[in-house]
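Reproduced below: coords.pdb, with PDB, C-alpha atoms.
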ATOM      1  CA  ASP A   1      35.410 -33.834 -17.364  1.00  0.00           C
ATOM      2  CA  VAL A   2      37.874 -31.166 -16.246  1.00  0.00           C
ATOM      3  CA  VAL A   3      41.325 -32.073 -17.553  1.00  0.00           C
ATOM      4  CA  MET A   4      44.215 -31.140 -15.283  1.00  0.00           C
ATOM      5  CA  THR A   5      47.527 -30.629 -17.081  1.00  0.00           C
ATOM      6  CA  GLN A   6      50.679 -30.618 -14.985  1.00  0.00           C
ATOM      7  CA  THR A   7      54.074 -29.462 -16.151  1.00  0.00           C
ATOM      8  CA  PRO A   8      56.787 -30.513 -16.097  1.00  0.00           C
ATOM      9  CA  VAL A   9      56.406 -34.285 -16.001  1.00  0.00           C
ATOM     10  CA  SER A  10      59.633 -34.536 -14.019  1.00  0.00           C
ATOM     11  CA  LEU A  11      61.922 -32.134 -12.272  1.00  0.00           C
ATOM     12  CA  SER A  12      65.467 -32.438 -10.970  1.00  0.00           C
ATOM     13  CA  VAL A  13      66.495 -30.279  -8.075  1.00  0.00           C
ATOM     14  CA  SER A  14      69.469 -29.818  -5.787  1.00  0.00           C
ATOM     15  CA  LEU A  15      68.913 -29.961  -2.069  1.00  0.00           C
ATOM     16  CA  GLY A  16      68.219 -26.467  -0.820  1.00  0.00           C
ATOM     17  CA  GLY A  17      66.972 -25.343  -4.196  1.00  0.00           C
ATOM     18  CA  GLN A  18      63.560 -24.042  -5.267  1.00  0.00           C
ATOM     19  CA  VAL A  19      61.120 -25.493  -7.779  1.00  0.00           C
ATOM     20  CA  SER A  20      57.742 -24.629  -9.269  1.00  0.00           C
ATOM     21  CA  ILE A  21      55.116 -26.994 -10.628  1.00  0.00           C
ATOM     22  CA  SER A  22      52.364 -25.765 -12.915  1.00  0.00           C
ATOM     23  CA  CYS A  23      48.822 -27.089 -13.061  1.00  0.00           C
ATOM     24  CA  ARG A  24      46.310 -25.884 -15.633  1.00  0.00           C
ATOM     25  CA  SER A  25      42.673 -26.862 -15.820  1.00  0.00           C
ATOM     26  CA  SER A  26      40.566 -27.135 -18.970  1.00  0.00           C
ATOM     27  CA  GLN A  27      37.790 -25.131 -17.292  1.00  0.00           C
ATOM     28  CA  SER A  28      37.643 -22.511 -14.570  1.00  0.00           C
ATOM     29  CA  LEU A  29      37.810 -24.016 -11.101  1.00  0.00           C
ATOM     30  CA  VAL A  30      35.806 -21.210  -9.499  1.00  0.00           C
ATOM     31  CA  HIS A  31      32.792 -22.855  -7.879  1.00  0.00           C
ATOM     32  CA  ASN A  32      29.341 -21.273  -7.825  1.00  0.00           C
ATOM     33  CA  ASN A  33      29.941 -20.539  -4.150  1.00  0.00           C
ATOM     34  CA  GLY A  34      33.018 -18.458  -4.990  1.00  0.00           C
ATOM     35  CA  ASN A  35      35.587 -20.949  -3.725  1.00  0.00           C
ATOM     36  CA  THR A  36      38.260 -22.503  -5.915  1.00  0.00           C
ATOM     37  CA  TYR A  37      38.799 -26.156  -5.074  1.00  0.00           C
ATOM     38  CA  LEU A  38      42.328 -26.752  -6.278  1.00  0.00           C
ATOM     39  CA  SER A  39      44.519 -28.911  -4.073  1.00  0.00           C
ATOM     40  CA  TRP A  40      48.034 -30.333  -4.150  1.00  0.00           C
ATOM     41  CA  TYR A  41      49.213 -33.744  -2.950  1.00  0.00           C
ATOM     42  CA  LEU A  42      52.589 -35.418  -2.520  1.00  0.00           C
ATOM     43  CA  GLN A  43      52.973 -39.149  -2.900  1.00  0.00           C
ATOM     44  CA  LYS A  44      56.260 -40.370  -1.495  1.00  0.00           C
ATOM     45  CA  PRO A  45      57.568 -43.718  -2.746  1.00  0.00           C
ATOM     46  CA  GLY A  46      55.502 -46.591  -1.403  1.00  0.00           C
ATOM     47  CA  GLN A  47      53.098 -44.307   0.465  1.00  0.00           C
ATOM     48  CA  SER A  48      49.601 -42.940   0.086  1.00  0.00           C
ATOM     49  CA  PRO A  49      49.175 -39.424  -1.249  1.00  0.00           C
ATOM     50  CA  GLN A  50      49.171 -36.711   1.409  1.00  0.00           C
ATOM     51  CA  LEU A  51      47.450 -33.350   1.254  1.00  0.00           C
ATOM     52  CA  LEU A  52      49.739 -30.325   1.092  1.00  0.00           C
ATOM     53  CA  ILE A  53      47.568 -27.433  -0.068  1.00  0.00           C
ATOM     54  CA  TYR A  54      43.803 -26.979  -0.398  1.00  0.00           C
ATOM     55  CA  LYS A  55      41.693 -24.218  -1.946  1.00  0.00           C
ATOM     56  CA  VAL A  56      44.668 -22.973  -3.964  1.00  0.00           C
ATOM     57  CA  SER A  57      46.824 -21.553  -1.188  1.00  0.00           C
ATOM     58  CA  ASN A  58      45.861 -22.987   2.202  1.00  0.00           C
ATOM     59  CA  ARG A  59      48.529 -25.145   3.782  1.00  0.00           C
ATOM     60  CA  PHE A  60      47.165 -28.247   5.445  1.00  0.00           C
ATOM     61  CA  SER A  61      47.871 -28.932   9.100  1.00  0.00           C
ATOM     62  CA  GLY A  62      51.545 -29.647   9.746  1.00  0.00           C
ATOM     63  CA  ILE A  63      52.733 -28.693   6.261  1.00  0.00           C
ATOM     64  CA  SER A  64      55.917 -26.617   6.147  1.00  0.00           C
ATOM     65  CA  ASP A  65      55.764 -23.017   4.964  1.00  0.00           C
ATOM     66  CA  ARG A  66      58.349 -24.034   2.364  1.00  0.00           C
ATOM     67  CA  PHE A  67      55.307 -25.141   0.355  1.00  0.00           C
ATOM     68  CA  SER A  68      53.154 -22.438  -1.165  1.00  0.00           C
ATOM     69  CA  GLY A  69      50.292 -22.484  -3.625  1.00  0.00           C
ATOM     70  CA  SER A  70      49.014 -19.736  -5.842  1.00  0.00           C
ATOM     71  CA  GLY A  71      46.882 -19.084  -8.899  1.00  0.00           C
ATOM     72  CA  SER A  72      43.338 -18.487  -9.979  1.00  0.00           C
ATOM     73  CA  GLY A  73      40.797 -19.535 -12.567  1.00  0.00           C
ATOM     74  CA  THR A  74      42.584 -22.149 -14.652  1.00  0.00           C
ATOM     75  CA  ASP A  75      46.247 -21.537 -13.862  1.00  0.00           C
ATOM     76  CA  PHE A  76      47.894 -22.684 -10.625  1.00  0.00           C
ATOM     77  CA  THR A  77      51.391 -23.132  -9.215  1.00  0.00           C
ATOM     78  CA  LEU A  78      52.993 -25.012  -6.366  1.00  0.00           C
ATOM     79  CA  LYS A  79      56.334 -23.665  -5.182  1.00  0.00           C
ATOM     80  CA  ILE A  80      58.729 -25.565  -2.968  1.00  0.00           C
ATOM     81  CA  SER A  81      61.619 -23.679  -1.452  1.00  0.00           C
ATOM     82  CA  ARG A  82      64.724 -25.014   0.300  1.00  0.00           C
ATOM     83  CA  VAL A  83      64.045 -28.519  -1.016  1.00  0.00           C
ATOM     84  CA  GLU A  84      64.743 -31.304   1.471  1.00  0.00           C
ATOM     85  CA  PRO A  85      65.206 -35.055   0.857  1.00  0.00           C
ATOM     86  CA  ASP A  86      61.743 -35.742   2.317  1.00  0.00           C
ATOM     87  CA  ASP A  87      60.140 -33.617  -0.413  1.00  0.00           C
ATOM     88  CA  LEU A  88      60.990 -36.116  -3.141  1.00  0.00           C
ATOM     89  CA  GLY A  89      58.174 -38.029  -4.804  1.00  0.00           C
ATOM     90  CA  VAL A  90      55.286 -37.391  -7.166  1.00  0.00           C
ATOM     91  CA  TYR A  91      53.184 -34.257  -6.855  1.00  0.00           C
ATOM     92  CA  TYR A  92      49.577 -34.217  -8.027  1.00  0.00           C
ATOM     93  CA  CYS A  93      47.157 -31.366  -8.401  1.00  0.00           C
ATOM     94  CA  GLY A  94      43.468 -32.111  -8.055  1.00  0.00           C
ATOM     95  CA  GLN A  95      40.217 -30.264  -8.588  1.00  0.00           C
ATOM     96  CA  GLY A  96      37.103 -30.634  -6.456  1.00  0.00           C
ATOM     97  CA  THR A  97      34.969 -27.987  -8.132  1.00  0.00           C
ATOM     98  CA  GLN A  98      33.187 -30.037 -10.786  1.00  0.00           C
ATOM     99  CA  TYR A  99      32.073 -33.666 -10.856  1.00  0.00           C
ATOM    100  CA  PRO A 100      33.856 -35.895 -11.477  1.00  0.00           C
ATOM    101  CA  TYR A 101      36.745 -34.647  -9.380  1.00  0.00           C
ATOM    102  CA  THR A 102      39.967 -35.120 -11.327  1.00  0.00           C
ATOM    103  CA  PHE A 103      43.728 -35.177 -10.837  1.00  0.00           C
ATOM    104  CA  GLY A 104      46.691 -34.181 -12.924  1.00  0.00           C
ATOM    105  CA  ALA A 105      49.040 -36.868 -14.207  1.00  0.00           C
ATOM    106  CA  GLY A 106      51.726 -35.950 -11.714  1.00  0.00           C
ATOM    107  CA  THR A 107      55.148 -34.340 -11.549  1.00  0.00           C
ATOM    108  CA  LYS A 108      58.034 -36.413 -10.281  1.00  0.00           C
ATOM    109  CA  LEU A 109      60.536 -34.511  -8.182  1.00  0.00           C
ATOM    110  CA  GLU A 110      63.990 -36.055  -8.137  1.00  0.00           C
ATOM    111  CA  LEU A 111      67.407 -35.114  -6.859  1.00  0.00           C
ATOM    112  CA  LYS A 112      69.876 -33.682  -9.307  1.00  0.00           C
TER     113      LYS A 112
ATOM    114  CA  GLU B   1      44.851 -38.929  15.491  1.00  0.00           C
ATOM    115  CA  VAL B   2      42.868 -39.565  12.324  1.00  0.00           C
ATOM    116  CA  LYS B   3      43.197 -43.151  11.143  1.00  0.00           C
ATOM    117  CA  LEU B   4      41.702 -44.824   8.093  1.00  0.00           C
ATOM    118  CA  LEU B   5      42.272 -48.527   7.504  1.00  0.00           C
ATOM    119  CA  GLU B   6      41.054 -50.217   4.343  1.00  0.00           C
ATOM    120  CA  SER B   7      40.488 -53.939   4.012  1.00  0.00           C
ATOM    121  CA  GLY B   8      38.845 -56.435   1.711  1.00  0.00           C
ATOM    122  CA  GLY B   9      41.071 -56.260  -1.340  1.00  0.00           C
ATOM    123  CA  GLY B  10      42.500 -59.244  -3.172  1.00  0.00           C
ATOM    124  CA  LEU B  11      42.139 -61.218  -6.370  1.00  0.00           C
ATOM    125  CA  VAL B  12      38.756 -61.418  -8.072  1.00  0.00           C
ATOM    126  CA  GLN B  13      37.702 -62.788 -11.440  1.00  0.00           C
ATOM    127  CA  PRO B  14      36.326 -60.562 -14.161  1.00  0.00           C
ATOM    128  CA  GLY B  15      32.591 -60.138 -13.691  1.00  0.00           C
ATOM    129  CA  GLY B  16      32.886 -60.771  -9.976  1.00  0.00           C
ATOM    130  CA  SER B  17      32.054 -58.629  -6.979  1.00  0.00           C
ATOM    131  CA  MET B  18      33.979 -57.380  -4.000  1.00  0.00           C
ATOM    132  CA  ARG B  19      33.244 -55.204  -0.985  1.00  0.00           C
ATOM    133  CA  LEU B  20      35.920 -52.984   0.486  1.00  0.00           C
ATOM    134  CA  SER B  21      35.758 -51.650   4.018  1.00  0.00           C
ATOM    135  CA  CYS B  22      37.376 -48.668   5.679  1.00  0.00           C
ATOM    136  CA  ALA B  23      37.573 -48.378   9.455  1.00  0.00           C
ATOM    137  CA  ALA B  24      37.725 -44.777  10.613  1.00  0.00           C
ATOM    138  CA  SER B  25      38.859 -43.442  13.969  1.00  0.00           C
ATOM    139  CA  GLY B  26      40.148 -40.304  15.617  1.00  0.00           C
ATOM    140  CA  PHE B  27      37.383 -37.971  14.480  1.00  0.00           C
ATOM    141  CA  THR B  28      33.614 -37.571  14.604  1.00  0.00           C
ATOM    142  CA  PHE B  29      32.739 -39.782  11.663  1.00  0.00           C
ATOM    143  CA  THR B  30      29.286 -38.365  10.996  1.00  0.00           C
ATOM    144  CA  ASP B  31      30.666 -34.834  10.559  1.00  0.00           C
ATOM    145  CA  PHE B  32      32.656 -35.600   7.422  1.00  0.00           C
ATOM    146  CA  TYR B  33      32.285 -36.433   3.767  1.00  0.00           C
ATOM    147  CA  MET B  34      34.037 -39.716   3.041  1.00  0.00           C
ATOM    148  CA  TYR B  35      35.619 -40.573  -0.294  1.00  0.00           C
ATOM    149  CA  TRP B  36      36.841 -43.533  -2.295  1.00  0.00           C
ATOM    150  CA  ILE B  37      39.762 -43.015  -4.653  1.00  0.00           C
ATOM    151  CA  ARG B  38      41.719 -45.577  -6.638  1.00  0.00           C
ATOM    152  CA  GLN B  39      45.127 -45.556  -8.230  1.00  0.00           C
ATOM    153  CA  PRO B  40      46.383 -48.038 -10.828  1.00  0.00           C
ATOM    154  CA  ALA B  41      50.050 -48.843 -10.422  1.00  0.00           C
ATOM    155  CA  GLY B  42      52.201 -46.030 -11.760  1.00  0.00           C
ATOM    156  CA  LYS B  43      49.239 -43.805 -12.629  1.00  0.00           C
ATOM    157  CA  ALA B  44      47.412 -40.851 -11.159  1.00  0.00           C
ATOM    158  CA  PRO B  45      44.627 -41.241  -8.635  1.00  0.00           C
ATOM    159  CA  GLU B  46      41.018 -41.419  -9.822  1.00  0.00           C
ATOM    160  CA  TRP B  47      38.142 -40.164  -7.698  1.00  0.00           C
ATOM    161  CA  LEU B  48      35.372 -42.763  -7.501  1.00  0.00           C
ATOM    162  CA  GLY B  49      32.795 -40.994  -5.381  1.00  0.00           C
ATOM    163  CA  PHE B  50      31.777 -39.837  -1.953  1.00  0.00           C
ATOM    164  CA  ILE B  51      29.096 -40.061   0.682  1.00  0.00           C
ATOM    165  CA  ARG B  52      28.093 -36.873   2.405  1.00  0.00           C
ATOM    166  CA  ASN B  53      27.999 -36.194   6.115  1.00  0.00           C
ATOM    167  CA  LYS B  54      25.052 -36.208   8.492  1.00  0.00           C
ATOM    168  CA  ALA B  55      24.272 -32.548   7.887  1.00  0.00           C
ATOM    169  CA  ASN B  56      23.862 -33.303   4.192  1.00  0.00           C
ATOM    170  CA  GLY B  57      21.832 -36.451   4.534  1.00  0.00           C
ATOM    171  CA  TYR B  58      24.503 -39.054   3.719  1.00  0.00           C
ATOM    172  CA  THR B  59      23.747 -38.771   0.017  1.00  0.00           C
ATOM    173  CA  THR B  60      26.202 -39.972  -2.599  1.00  0.00           C
ATOM    174  CA  GLU B  61      27.935 -38.834  -5.779  1.00  0.00           C
ATOM    175  CA  TYR B  62      29.817 -41.052  -8.213  1.00  0.00           C
ATOM    176  CA  ASN B  63      32.266 -40.798 -11.033  1.00  0.00           C
ATOM    177  CA  PRO B  64      30.391 -41.741 -14.234  1.00  0.00           C
ATOM    178  CA  SER B  65      33.198 -44.225 -14.901  1.00  0.00           C
ATOM    179  CA  VAL B  66      31.864 -46.441 -12.076  1.00  0.00           C
ATOM    180  CA  LYS B  67      28.296 -45.238 -11.577  1.00  0.00           C
ATOM    181  CA  GLY B  68      25.864 -48.126 -11.590  1.00  0.00           C
ATOM    182  CA  ARG B  69      28.567 -50.684 -10.768  1.00  0.00           C
ATOM    183  CA  PHE B  70      29.996 -49.245  -7.530  1.00  0.00           C
ATOM    184  CA  THR B  71      28.046 -48.271  -4.410  1.00  0.00           C
ATOM    185  CA  ILE B  72      29.337 -46.298  -1.440  1.00  0.00           C
ATOM    186  CA  SER B  73      27.733 -46.699   1.967  1.00  0.00           C
ATOM    187  CA  ARG B  74      28.561 -46.021   5.578  1.00  0.00           C
ATOM    188  CA  ASP B  75      27.718 -47.489   8.966  1.00  0.00           C
ATOM    189  CA  ASN B  76      27.790 -44.547  11.321  1.00  0.00           C
ATOM    190  CA  THR B  77      27.328 -46.749  14.388  1.00  0.00           C
ATOM    191  CA  GLN B  78      30.585 -48.573  13.601  1.00  0.00           C
ATOM    192  CA  ASN B  79      32.493 -45.713  11.936  1.00  0.00           C
ATOM    193  CA  MET B  80      32.809 -47.802   8.800  1.00  0.00           C
ATOM    194  CA  LEU B  81      32.844 -46.845   5.131  1.00  0.00           C
ATOM    195  CA  TYR B  82      32.151 -49.355   2.377  1.00  0.00           C
ATOM    196  CA  LEU B  83      32.626 -49.691  -1.357  1.00  0.00           C
ATOM    197  CA  GLN B  84      30.575 -52.395  -3.062  1.00  0.00           C
ATOM    198  CA  MET B  85      32.014 -53.173  -6.480  1.00  0.00           C
ATOM    199  CA  ASN B  86      30.098 -55.282  -9.002  1.00  0.00           C
ATOM    200  CA  THR B  87      30.770 -56.539 -12.506  1.00  0.00           C
ATOM    201  CA  LEU B  88      34.485 -55.987 -12.056  1.00  0.00           C
ATOM    202  CA  ARG B  89      36.740 -55.574 -15.072  1.00  0.00           C
ATOM    203  CA  ALA B  90      40.489 -55.858 -15.594  1.00  0.00           C
ATOM    204  CA  GLU B  91      40.702 -52.060 -15.725  1.00  0.00           C
ATOM    205  CA  ASP B  92      39.386 -51.867 -12.150  1.00  0.00           C
ATOM    206  CA  THR B  93      42.726 -53.286 -10.969  1.00  0.00           C
ATOM    207  CA  ALA B  94      44.202 -50.667  -8.648  1.00  0.00           C
ATOM    208  CA  THR B  95      44.991 -49.723  -5.096  1.00  0.00           C
ATOM    209  CA  TYR B  96      41.818 -48.421  -3.484  1.00  0.00           C
ATOM    210  CA  TYR B  97      41.960 -45.700  -0.864  1.00  0.00           C
ATOM    211  CA  CYS B  98      39.376 -44.277   1.442  1.00  0.00           C
ATOM    212  CA  ALA B  99      39.824 -40.641   2.371  1.00  0.00           C
ATOM    213  CA  ARG B 100      38.270 -38.087   4.638  1.00  0.00           C
ATOM    214  CA  GLY B 101      37.211 -34.682   3.381  1.00  0.00           C
ATOM    215  CA  GLY B 102      37.534 -31.573   3.069  1.00  0.00           C
ATOM    216  CA  LEU B 103      34.817 -30.579   0.744  1.00  0.00           C
ATOM    217  CA  GLY B 104      36.517 -30.790  -2.588  1.00  0.00           C
ATOM    218  CA  TRP B 105      39.808 -32.076  -1.267  1.00  0.00           C
ATOM    219  CA  PHE B 106      41.121 -35.179   0.478  1.00  0.00           C
ATOM    220  CA  ALA B 107      42.573 -34.369   3.862  1.00  0.00           C
ATOM    221  CA  TYR B 108      43.484 -37.840   5.139  1.00  0.00           C
ATOM    222  CA  TRP B 109      44.091 -41.041   3.197  1.00  0.00           C
ATOM    223  CA  GLY B 110      44.235 -44.648   4.292  1.00  0.00           C
ATOM    224  CA  GLN B 111      47.127 -46.920   3.377  1.00  0.00           C
ATOM    225  CA  GLY B 112      45.128 -48.494   0.556  1.00  0.00           C
ATOM    226  CA  THR B 113      44.053 -52.006  -0.370  1.00  0.00           C
ATOM    227  CA  LEU B 114      45.014 -53.679  -3.632  1.00  0.00           C
ATOM    228  CA  VAL B 115      42.300 -55.081  -5.872  1.00  0.00           C
ATOM    229  CA  THR B 116      43.381 -57.297  -8.762  1.00  0.00           C
ATOM    230  CA  VAL B 117      40.830 -58.339 -11.347  1.00  0.00           C
ATOM    231  CA  SER B 118      42.156 -61.292 -13.297  1.00  0.00           C
ATOM    232  CA  SER B 119      41.245 -64.800 -14.323  1.00  0.00           C
TER     233      SER B 119
END
Represent the structure from my file as structure tokens, please.
Amino acid sequence: DVVMTQTPVSLSVSLGGQVSISCRSSQSLVHNNGNTYLSWYLQKPGQSPQLLIYKVSNRFSGISDRFSGSGSGTDFTLKISRVEPDDLGVYYCGQGTQYPYTFGAGTKLELK
Amino acid sequence: EVKLLESGGGLVQPGGSMRLSCAASGFTFTDFYMYWIRQPAGKAPEWLGFIRNKANGYTTEYNPSVKGRFTISRDNTQNMLYLQMNTLRAEDTATYYCARGGLGWFAYWGQGTLVTVSS
């Protein structure tokens, strides 16, 4: 299975600040078709996960441009700028390139 | 508006069976891959499997962790997705979500249904 390693495990941020979350995969996430199926999700307390970013850098419908994804191969980053209270929760990266699809263990974003 | 509503969770004894349902609305059901994902309390999600769309023959893929015990199916006349779970174990205790693709990502998630496997 592809192991997804997220760092840090938790992150404290001031409102209005900027943070980066790293996600590394144990194998390349470049699919045979040339696409890279790396996605990012936010799970707010008591809610289901919601899609933020798909295929590395594509913002999902309705997602603020304060969220940006980047990376390639095995090394990926989610950046959140001008952090707002509604951004708090647990962030997960996930890969959909190889079966079984897998998720990282999560990064908890908290207020400083 | 895309809506996914899971049902059928609850308490089941080890070795028992349970069928979860997911009612889908707000989109053309047959056009999309549909997924099942579970999440134990306080842990990361785990992909269980998916059923492809009409264009890809409604075939299925499973996580080896549940293959042979879990079966995904869909009723395209009712816009329903199902997860049949057999020989349940304590480690199957989790909140179970249905989700709509994306191919390789999960665009919309239901609110989840809790399955507890315990005697």
For the interface of chain A with chain B (cut-off 10 Å, counting only C-alpha atoms), please tabulate each contacting residue of chain A alongside its nearest pair of atoms and their separation in Å to one decimal, rows sorted by chain and increasing number, as JSON lines.
{"residue": "A:Asp1", "atom": "CA", "partner": "B:Pro64", "partner_atom": "CA", "distance": 9.9}
{"residue": "A:Asn35", "atom": "CA", "partner": "B:Gly104", "partner_atom": "CA", "distance": 10.0}
{"residue": "A:Thr36", "atom": "CA", "partner": "B:Gly104", "partner_atom": "CA", "distance": 9.1}
{"residue": "A:Tyr37", "atom": "CA", "partner": "B:Gly104", "partner_atom": "CA", "distance": 5.7}
{"residue": "A:Leu38", "atom": "CA", "partner": "B:Trp105", "partner_atom": "CA", "distance": 7.7}
{"residue": "A:Ser39", "atom": "CA", "partner": "B:Trp105", "partner_atom": "CA", "distance": 6.3}
{"residue": "A:Trp40", "atom": "CA", "partner": "B:Trp105", "partner_atom": "CA", "distance": 8.9}
{"residue": "A:Tyr41", "atom": "CA", "partner": "B:Phe106", "partner_atom": "CA", "distance": 8.9}
{"residue": "A:Gly46", "atom": "CA", "partner": "B:Gln111", "partner_atom": "CA", "distance": 9.6}
{"residue": "A:Gln47", "atom": "CA", "partner": "B:Gln111", "partner_atom": "CA", "distance": 7.1}
{"residue": "A:Ser48", "atom": "CA", "partner": "B:Gln111", "partner_atom": "CA", "distance": 5.7}
{"residue": "A:Pro49", "atom": "CA", "partner": "B:Trp109", "partner_atom": "CA", "distance": 6.9}
{"residue": "A:Gln50", "atom": "CA", "partner": "B:Tyr108", "partner_atom": "CA", "distance": 6.9}
{"residue": "A:Leu51", "atom": "CA", "partner": "B:Ala107", "partner_atom": "CA", "distance": 5.6}
{"residue": "A:Leu52", "atom": "CA", "partner": "B:Ala107", "partner_atom": "CA", "distance": 8.7}
{"residue": "A:Ile53", "atom": "CA", "partner": "B:Trp105", "partner_atom": "CA", "distance": 9.1}
{"residue": "A:Tyr54", "atom": "CA", "partner": "B:Trp105", "partner_atom": "CA", "distance": 6.5}
{"residue": "A:Lys55", "atom": "CA", "partner": "B:Trp105", "partner_atom": "CA", "distance": 8.1}
{"residue": "A:Phe60", "atom": "CA", "partner": "B:Ala107", "partner_atom": "CA", "distance": 7.8}
{"residue": "A:Ser61", "atom": "CA", "partner": "B:Ala107", "partner_atom": "CA", "distance": 9.2}
{"residue": "A:Val90", "atom": "CA", "partner": "B:Ala44", "partner_atom": "CA", "distance": 9.5}
{"residue": "A:Tyr91", "atom": "CA", "partner": "B:Ala44", "partner_atom": "CA", "distance": 9.8}
{"residue": "A:Tyr92", "atom": "CA", "partner": "B:Ala44", "partner_atom": "CA", "distance": 7.6}
{"residue": "A:Cys93", "atom": "CA", "partner": "B:Ala44", "partner_atom": "CA", "distance": 9.9}
{"residue": "A:Gly94", "atom": "CA", "partner": "B:Trp105", "partner_atom": "CA", "distance": 7.7}
{"residue": "A:Gln95", "atom": "CA", "partner": "B:Gly104", "partner_atom": "CA", "distance": 7.1}
{"residue": "A:Gly96", "atom": "CA", "partner": "B:Gly104", "partner_atom": "CA", "distance": 3.9}
{"residue": "A:Thr97", "atom": "CA", "partner": "B:Gly104", "partner_atom": "CA", "distance": 6.4}
{"residue": "A:Gln98", "atom": "CA", "partner": "B:Gly104", "partner_atom": "CA", "distance": 8.9}
{"residue": "A:Tyr99", "atom": "CA", "partner": "B:Asn63", "partner_atom": "CA", "distance": 7.1}
{"residue": "A:Pro100", "atom": "CA", "partner": "B:Asn63", "partner_atom": "CA", "distance": 5.2}
{"residue": "A:Tyr101", "atom": "CA", "partner": "B:Trp47", "partner_atom": "CA", "distance": 5.9}
{"residue": "A:Thr102", "atom": "CA", "partner": "B:Trp47", "partner_atom": "CA", "distance": 6.5}
{"residue": "A:Phe103", "atom": "CA", "partner": "B:Pro45", "partner_atom": "CA", "distance": 6.5}
{"residue": "A:Gly104", "atom": "CA", "partner": "B:Ala44", "partner_atom": "CA", "distance": 6.9}
{"residue": "A:Ala105", "atom": "CA", "partner": "B:Ala44", "partner_atom": "CA", "distance": 5.3}
{"residue": "A:Gly106", "atom": "CA", "partner": "B:Ala44", "partner_atom": "CA", "distance": 6.6}
Residues within 12 Å of (24.0, -48.2, -7.9), counting only C-alpha atoms, listed as a list of chain:residue names: B:Gly49, B:Thr60, B:Glu61, B:Tyr62, B:Asn63, B:Pro64, B:Val66, B:Lys67, B:Gly68, B:Arg69, B:Phe70, B:Thr71, B:Ile72, B:Ser73, B:Leu83, B:Gln84, B:Met85, B:Asn86, B:Thr87
Can I get the selected residues back with C-alpha atoms, as a tab-separated table (two decimals), in the frame of the given file?
chain	number	residue	atom	x	y	z
B	49	GLY	CA	32.80	-40.99	-5.38
B	60	THR	CA	26.20	-39.97	-2.60
B	61	GLU	CA	27.94	-38.83	-5.78
B	62	TYR	CA	29.82	-41.05	-8.21
B	63	ASN	CA	32.27	-40.80	-11.03
B	64	PRO	CA	30.39	-41.74	-14.23
B	66	VAL	CA	31.86	-46.44	-12.08
B	67	LYS	CA	28.30	-45.24	-11.58
B	68	GLY	CA	25.86	-48.13	-11.59
B	69	ARG	CA	28.57	-50.68	-10.77
B	70	PHE	CA	30.00	-49.24	-7.53
B	71	THR	CA	28.05	-48.27	-4.41
B	72	ILE	CA	29.34	-46.30	-1.44
B	73	SER	CA	27.73	-46.70	1.97
B	83	LEU	CA	32.63	-49.69	-1.36
B	84	GLN	CA	30.58	-52.40	-3.06
B	85	MET	CA	32.01	-53.17	-6.48
B	86	ASN	CA	30.10	-55.28	-9.00
B	87	THR	CA	30.77	-56.54	-12.51
Within 10 Å of Thr28 in chain B, counting only C-alpha atoms, which residues show up once you throw out same-chain ones fewer than 2 positions away? Write them as a count of residues only, please. 9
When you count only C-alpha atoms, which of these residues is closest to Ile51 in chain B: B:Val117, B:Met34, B:Leu88, B:Ala94?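 With only C-alpha atoms as the atom set, the closest residue is B:Met34.
Rounded to one decimal, CA of Ile63 in chain A and CA of Leu114 in chain B lie 28.0 Å from each other.
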List the neighbours of Thr77 in chain A out to 8 Å using only C-alpha atoms; skip same-chain residues closer than 5 positions along the sequence, and give me the result as a PyMOL selection string. chain A and resi 20-23+69-71
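Rounded to one decimal, CA of Ser119 in chain B and CA of Leu11 in chain B lie 8.8 Å from each other.
Nearest to Thr77 in chain B of all the residues B:Ala23, B:Ala41, B:Leu4, B:Ala90 is B:Ala23, based on all atoms listed in the file.
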